[in-house]
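A.B. asks: File follows, protein.txt with compact mmCIF, C-alpha atoms:
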```txt
# COMPACT_ATOMS: atom_id res chain seq x y z
CA VAL K 1 2.59 -4.00 4.41
CA PHE K 2 2.85 -6.42 7.30
CA SER K 3 -0.40 -5.96 9.17
CA PHE K 4 -3.98 -5.86 7.93
CA LEU K 5 -6.21 -4.69 10.75
CA SER K 6 -9.95 -5.01 10.60
CA ARG K 7 -12.20 -2.13 11.59
CA GLY K 8 -15.52 -3.77 10.79
CA ILE K 9 -17.69 -5.63 8.33
CA ARG K 10 -19.89 -3.59 6.03
CA ALA K 11 -23.44 -4.53 5.11
CA HIS K 12 -22.25 -6.10 1.83
CA HIS K 13 -19.64 -8.19 3.72
CA SER K 14 -16.64 -6.16 2.56
CA THR K 15 -14.15 -5.46 5.34
CA ASP K 16 -12.79 -2.03 6.27
CA LEU K 17 -9.04 -2.36 6.79
CA ILE K 18 -6.17 -0.44 8.35
CA LEU K 19 -2.77 -1.08 6.74
CA SER K 20 0.48 -0.92 8.73
CA SER K 21 3.83 -0.71 6.98
CA PHE K 22 7.50 0.30 7.11
CA ARG K 23 8.12 3.79 5.78
CA ARG K 24 11.90 3.30 5.42
CA PRO K 25 14.48 0.66 6.44
CA PRO K 26 14.02 -0.18 10.12
CA ASN K 27 17.45 1.10 11.20
CA ARG K 28 16.74 4.68 10.12
CA GLY K 29 14.69 6.38 12.78
CA HIS K 30 10.90 6.40 12.83
CA SER K 31 9.82 3.53 10.58
CA LEU K 32 6.30 2.32 11.37
CA VAL K 33 3.48 4.00 9.51
CA GLN K 34 -0.22 3.63 8.77
CA LEU K 35 -1.21 3.98 5.13
CA ILE K 36 -4.23 6.26 4.63
CA PRO K 37 -6.19 6.11 1.34
CA GLU K 38 -6.73 9.22 -0.74
CA GLY K 39 -9.92 11.05 0.21
CA ALA K 40 -11.75 11.55 3.48
CA ALA K 41 -11.57 7.94 4.73
CA GLN K 42 -8.83 6.59 6.97
CA TYR K 43 -9.74 2.97 6.19
CA TRP K 44 -9.29 0.84 3.08
CA SER K 45 -12.14 -1.17 1.63
CA GLU K 46 -11.09 -4.73 0.88
CA ASP K 47 -12.40 -4.12 -2.64
CA ASP K 48 -9.90 -1.25 -3.09
CA LEU K 49 -6.82 -3.45 -2.54
CA PRO K 50 -4.93 -5.10 -5.41
CA PRO K 51 -6.09 -8.72 -5.94
CA GLU K 52 -2.74 -10.05 -4.70
CA CYS K 53 -3.17 -8.17 -1.42
CA ARG K 54 -6.70 -9.47 -0.98
CA ARG K 55 -5.43 -13.02 -1.38
CA VAL K 56 -3.03 -12.73 1.55
CA LEU K 57 -6.04 -12.28 3.83
CA GLY K 58 -7.08 -15.85 3.04
CA PRO K 59 -5.79 -19.15 4.48
CA VAL K 60 -2.06 -19.84 4.37
CA ASP K 61 -0.98 -22.80 2.24
CA GLU K 62 1.47 -24.15 4.81
CA ALA K 63 0.05 -26.43 7.49
CA GLY K 64 0.95 -26.70 11.15
CA PRO K 65 2.38 -24.05 13.50
CA MET K 66 3.66 -21.84 10.67
CA GLN K 67 0.09 -21.43 9.45
CA LEU K 68 -0.83 -20.12 12.89
CA GLN K 69 2.27 -17.93 12.95
CA GLN K 70 1.40 -15.99 9.79
CA PRO K 71 -2.32 -15.45 9.19
CA PHE K 72 -1.59 -12.39 7.03
CA LEU K 73 1.47 -12.67 4.82
CA PRO K 74 3.57 -9.47 4.45
CA VAL K 75 3.72 -7.94 0.99
CA VAL K 76 5.70 -5.18 -0.73
CA VAL K 77 3.54 -2.46 -2.28
CA ARG K 78 4.20 0.65 -4.37
CA PHE K 79 2.13 3.82 -4.20
CA GLU K 80 2.15 7.54 -4.87
CA VAL K 81 2.60 9.59 -1.71
CA LEU K 82 0.23 12.55 -1.47
CA PRO K 83 0.72 15.61 0.73
CA PRO K 84 -1.15 15.64 4.06
CA THR K 85 -4.57 17.27 4.07
CA GLU K 86 -6.22 19.38 6.74
CA LEU K 87 -8.21 16.29 7.69
CA THR K 88 -5.18 14.06 8.17
CA ASP K 89 -3.31 16.80 10.01
CA ALA K 90 -6.26 17.14 12.37
CA MET K 91 -6.51 13.38 12.99
CA PHE K 92 -2.91 12.16 12.99
CA ASP K 93 0.67 13.06 13.74
CA SER K 94 2.39 13.29 10.34
CA ARG K 95 5.09 10.88 11.53
CA ASP K 96 2.50 8.13 11.83
CA VAL K 97 0.73 8.20 8.47
CA LEU K 98 1.28 8.41 4.74
CA VAL K 99 -1.54 9.35 2.38
CA ALA K 100 -1.35 6.83 -0.47
CA ARG K 101 -2.78 6.73 -3.98
CA THR K 102 -2.66 3.99 -6.65
CA LEU K 103 -1.65 1.21 -4.28
CA ALA K 104 -0.01 -1.53 -6.37
CA TYR K 105 1.29 -4.97 -5.44
CA VAL K 106 5.01 -5.56 -6.10
CA ARG K 107 5.90 -8.91 -4.51
CA ARG K 108 5.74 -10.97 -1.35
CA PHE K 109 8.10 -9.84 1.38
CA GLY K 110 10.94 -12.38 1.78
CA SER K 111 9.95 -14.57 4.69
CA ILE K 112 8.24 -14.26 8.04
CA GLU K 113 11.65 -14.71 9.69
CA GLU K 114 13.07 -11.75 7.75
CA LEU K 115 10.12 -9.61 8.81
CA GLN K 116 10.68 -10.58 12.44
CA GLU K 117 14.34 -9.62 12.14
CA HIS K 118 13.38 -6.14 10.86
CA LEU K 119 10.80 -5.68 13.60
CA GLY K 120 13.26 -6.85 16.24
CA MET K 121 15.64 -4.01 15.24
CA ILE K 122 13.11 -1.37 16.25
CA ALA K 123 11.37 -3.19 19.12
CA HIS K 124 11.28 -1.52 22.54
CA THR K 125 11.76 -3.30 25.85
CA ASN K 126 9.39 -1.19 27.94
CA LEU K 127 6.29 0.91 27.33
CA GLU K 128 7.76 4.13 28.72
CA GLN K 129 10.21 4.32 25.81
CA VAL K 130 7.21 5.13 23.60
CA TRP K 131 4.37 6.20 25.87
CA PRO K 132 5.61 7.78 29.15
CA GLU K 133 3.68 7.49 32.38
CA SER K 134 2.01 10.86 31.74
CA ALA K 135 0.51 9.52 28.48
CA TRP K 136 -1.72 6.97 30.21
CA ALA K 137 -5.29 7.97 31.03
CA THR K 138 -6.28 4.49 32.25
CA PRO K 139 -4.45 1.13 32.51
CA LYS K 140 -5.47 0.35 28.90
CA ALA K 141 -5.94 3.74 27.20
CA LEU K 142 -3.80 6.74 26.28
CA VAL K 143 -4.67 10.41 26.59
CA ALA K 144 -5.91 11.92 23.31
CA LEU K 145 -2.77 13.75 22.20
CA LEU K 146 -1.67 13.67 18.56
CA ASP K 147 2.03 13.85 19.36
CA LEU K 148 1.94 10.36 20.89
CA PRO K 149 3.19 7.67 18.49
CA LYS K 150 0.35 5.68 16.97
CA LEU K 151 2.23 2.41 16.39
CA ALA K 152 5.11 0.69 18.16
CA VAL K 153 6.68 -2.76 18.44
CA PHE K 154 7.70 -4.23 21.79
CA TRP K 155 9.41 -7.30 23.19
CA GLY K 156 6.99 -8.91 25.60
CA LYS K 157 5.06 -11.98 26.66
CA LEU K 158 1.52 -13.20 26.06
CA GLU K 159 0.16 -14.19 29.47
CA TRP K 160 -3.48 -15.07 28.77
CA VAL K 161 -6.08 -15.25 26.00
CA HIS K 162 -9.69 -14.25 26.74
CA CYS K 163 -11.99 -15.69 24.03
CA ARG K 164 -15.38 -14.00 23.81
CA ALA K 165 -18.41 -14.98 21.77
CA LYS K 166 -19.35 -12.34 19.16
CA ALA K 167 -16.74 -9.91 20.49
CA SER K 168 -13.04 -9.25 20.04
CA THR K 169 -10.55 -11.61 21.64
CA GLN K 170 -8.74 -9.90 24.53
CA LEU K 171 -5.18 -10.50 25.68
CA ASP K 172 -3.17 -10.12 28.87
CA ILE K 173 0.41 -9.17 28.01
CA CYS K 174 3.56 -8.19 29.88
CA ILE K 175 6.15 -5.71 28.56
CA GLY K 176 9.12 -5.09 30.82
CA ASP K 177 7.72 -4.87 34.33
CA LYS K 178 4.29 -3.62 33.24
CA LYS K 179 1.26 -5.85 32.75
CA LEU K 180 -1.62 -4.87 30.46
CA GLN K 181 -4.88 -6.77 30.86
CA ARG K 182 -7.68 -7.45 28.39
CA ILE K 183 -6.20 -5.54 25.45
CA PRO K 184 -8.44 -6.07 22.36
CA TYR K 185 -6.94 -8.05 19.46
CA SER K 186 -7.85 -5.82 16.53
CA PRO K 187 -7.74 -8.24 13.51
CA HIS K 188 -10.22 -10.64 15.13
CA GLN K 189 -12.81 -10.13 12.38
CA LEU K 190 -10.36 -11.35 9.74
CA GLN K 191 -10.18 -14.82 11.32
CA GLU K 192 -13.18 -17.11 11.68
CA ASP K 193 -12.41 -17.95 15.31
CA GLY K 194 -11.34 -14.40 16.22
CA GLY K 195 -7.70 -15.53 16.22
CA ALA K 196 -8.28 -17.85 19.18
CA GLU K 197 -6.40 -20.90 17.83
CA MET K 198 -3.37 -18.88 16.77
CA LEU K 199 -3.24 -16.91 20.03
CA GLN K 200 -3.72 -19.97 22.22
CA TRP K 201 -0.93 -21.74 20.31
CA MET K 202 1.37 -18.76 20.93
CA HIS K 203 0.43 -18.70 24.62
CA ALA K 204 1.10 -22.42 25.00
CA ARG K 205 4.44 -22.02 23.20
CA GLY K 206 5.55 -19.46 25.78
CA GLY K 207 8.67 -17.35 25.56
CA THR K 208 9.14 -13.85 24.23
CA CYS K 209 7.01 -12.37 21.46
CA LEU K 210 7.13 -9.30 19.27
CA LEU K 211 3.97 -7.30 19.98
CA LEU K 212 2.63 -4.66 17.59
CA LEU K 213 0.62 -2.21 19.70
CA GLY K 214 -1.22 0.89 18.58
CA ARG K 215 -3.66 3.45 19.81
CA SER K 216 -7.12 3.25 18.32
CA SER K 217 -8.32 5.95 15.95
CA THR K 218 -11.61 5.92 17.87
CA ILE K 219 -11.69 8.44 20.68
CA LEU K 220 -13.61 7.51 23.80
CA ARG K 221 -15.44 10.23 25.67
CA LYS K 222 -16.77 8.95 28.95
CA THR K 223 -16.26 10.43 32.39
CA GLY K 224 -12.81 11.90 32.84
CA PRO K 225 -10.28 12.69 30.08
CA THR K 226 -10.76 11.91 26.41
CA THR K 227 -8.78 8.76 25.59
CA TYR K 228 -7.46 6.53 22.80
CA PRO K 229 -7.95 2.82 23.67
CA LEU K 230 -4.88 0.64 23.19
CA LEU K 231 -5.12 -2.25 20.67
CA LEU K 232 -2.90 -5.24 20.00
CA HIS K 233 -2.55 -5.47 16.22
CA ARG K 234 -0.30 -8.46 15.73
CA LEU K 235 2.03 -10.92 17.47
CA PHE K 236 5.13 -12.71 16.22
CA CYS K 237 6.87 -15.59 17.94
CA SER K 238 10.56 -15.10 18.64
CA ASN K 239 13.54 -17.29 19.45
CA ARG K 240 14.99 -14.53 21.65
```
Hey, can you dump this file as structure tokens for me?

C.D. replies:
Amino acid sequence: VFSFLSRGIRAHHSTDLILSSFRRPPNRGHSLVQLIPEGAAQYWSEDDLPPECRRVLGPVDEAGPMQLQQPFLPVVVRFEVLPPTELTDAMFDSRDVLVARTLAYVRRFGSIEELQEHLGMIAHTNLEQVWPESAWATPKALVALLDLPKLAVFWGKLEWVHCRAKASTQLDICIGDKKLQRIPYSPHQLQEDGGAEMLQWMHARGGTCLLLLGRSSTILRKTGPTTYPLLLHRLFCSNR
């Protein structure tokens, strides 16, 4: 598991989480997946995670830039894979999710550099490789079709950070020749400052980043077509 994404804070201050992971080694086809808990929910309660996984959501021991680089340390987990249900089939493409039971902590995942190397193997250089032009309903939302990949990693650049009081931090990014503006940073509730310090440090550092993008599970129904908003789940600095 390399990305813990916050959906919201419950009344008793427990966080609802979305877990992103590798399904198989990165050089073997489709490899990014969202882990879905057993039952009707698509989100994990923080209380349902193994204690070792809950601890990685806290502050990193290392000081300096590396602390900003890795707010959520990747971990290796073991779980029983359950068959898809009618609910999950109705909500997700089966390539994008695994229904998991008895999630157990195994160990920390090597290093942040090793994780970046794995992600770099499957990273795309332009958006159309994953979401073609016909998939876009608006400049920051996809049409509501289940056969569109839910998660993808891209090489790109962070061009600006929009910090907002009591709201998600928003980011301007560039992937290939396409610019995306004010994309919400989804784990903002897991960091006291909404991720502002980390993101501003990455912006000031410049250069190429690895960007984990995904379509939201929340469908928007306003005027026009039904859409999935695009979210930025995590960034990694790169020496590329």

A.B. asks: From the options K:Ala141, K:Ala196, K:Leu148, K:Val81, which residue's atoms come nearest to Ala165 in chain K, counting all atoms listed in the file?

C.D. replies: K:Ala196

A.B. asks: Using Å and a single decimal, report how far CA of Leu232 in chain K sits from CA of Leu142 in chain K.

C.D. replies: 13.6 Å

A.B. asks: Could you jot down the CA of Asp48 in chain K to CA of Pro84 in chain K separation for me, Å, one decimal place?

C.D. replies: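 Atom-to-atom, CA of Asp48 in chain K and CA of Pro84 in chain K are spaced 20.3 Å apart.
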
A.B. asks: Please identify all polymer residues within 6 Å of range 104-119 of chain K, counting only C-alpha atoms, omitting same-chain residues fewer than 5 positions from it, and present them as a CSV table (one decimal) with C-alpha atoms, keeping the file's coordinate frame.

C.D. replies:
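Written output follows (selection-v6.csv):
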```csv
chain,number,residue,atom,x,y,z
K,74,PRO,CA,3.6,-9.5,4.4
K,75,VAL,CA,3.7,-7.9,1.0
K,76,VAL,CA,5.7,-5.2,-0.7
K,77,VAL,CA,3.5,-2.5,-2.3
K,78,ARG,CA,4.2,0.6,-4.4
```

A.B. asks: Could you check which residues have any atom within 7 Å of (-5.7, 1.2, 20.0), counting only C-alpha atoms with coordinates taken straight from the file, and then list them as a VMD selection string?

C.D. replies: chain K and resid 214 to 217 228 to 231

A.B. asks: Between K:Glu133, K:Pro37, K:Asp96, K:Gly194, single out the one closest to Asp147 in chain K, counting all atoms listed in the file.

C.D. replies: K:Asp96

A.B. asks: Quick one: residues within 6 Å of Gly156 in chain K, only C-alpha atoms counted, chain neighbours fewer than 6 positions away excluded, as number ranges by chain?

C.D. replies: K: 174-175, 208-209

A.B. asks: Name the closest residue to Pro51 in chain K among the candidates K:Glu80, K:Pro139, K:Ile173, K:Leu103; distances are taken between atoms, counting only C-alpha atoms.

C.D. replies: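 Of all the options, K:Leu103 lies closest to Pro51 in chain K.
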
A.B. asks: I'd like the interatomic distance between CA of Ala135 in chain K and CA of Thr226 in chain K, to a tenth of an Å.

C.D. replies: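 Going from CA of Ala135 in chain K over to CA of Thr226 in chain K covers 11.7 Å.
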
A.B. asks: What's the 7 Å shell around Arg182 in chain K, counting all atoms listed in the file, without same-chain residues fewer than 2 positions away, as a list in words?

C.D. replies: Gln170, Leu171, Asp172, Leu180 and Pro184 of chain K
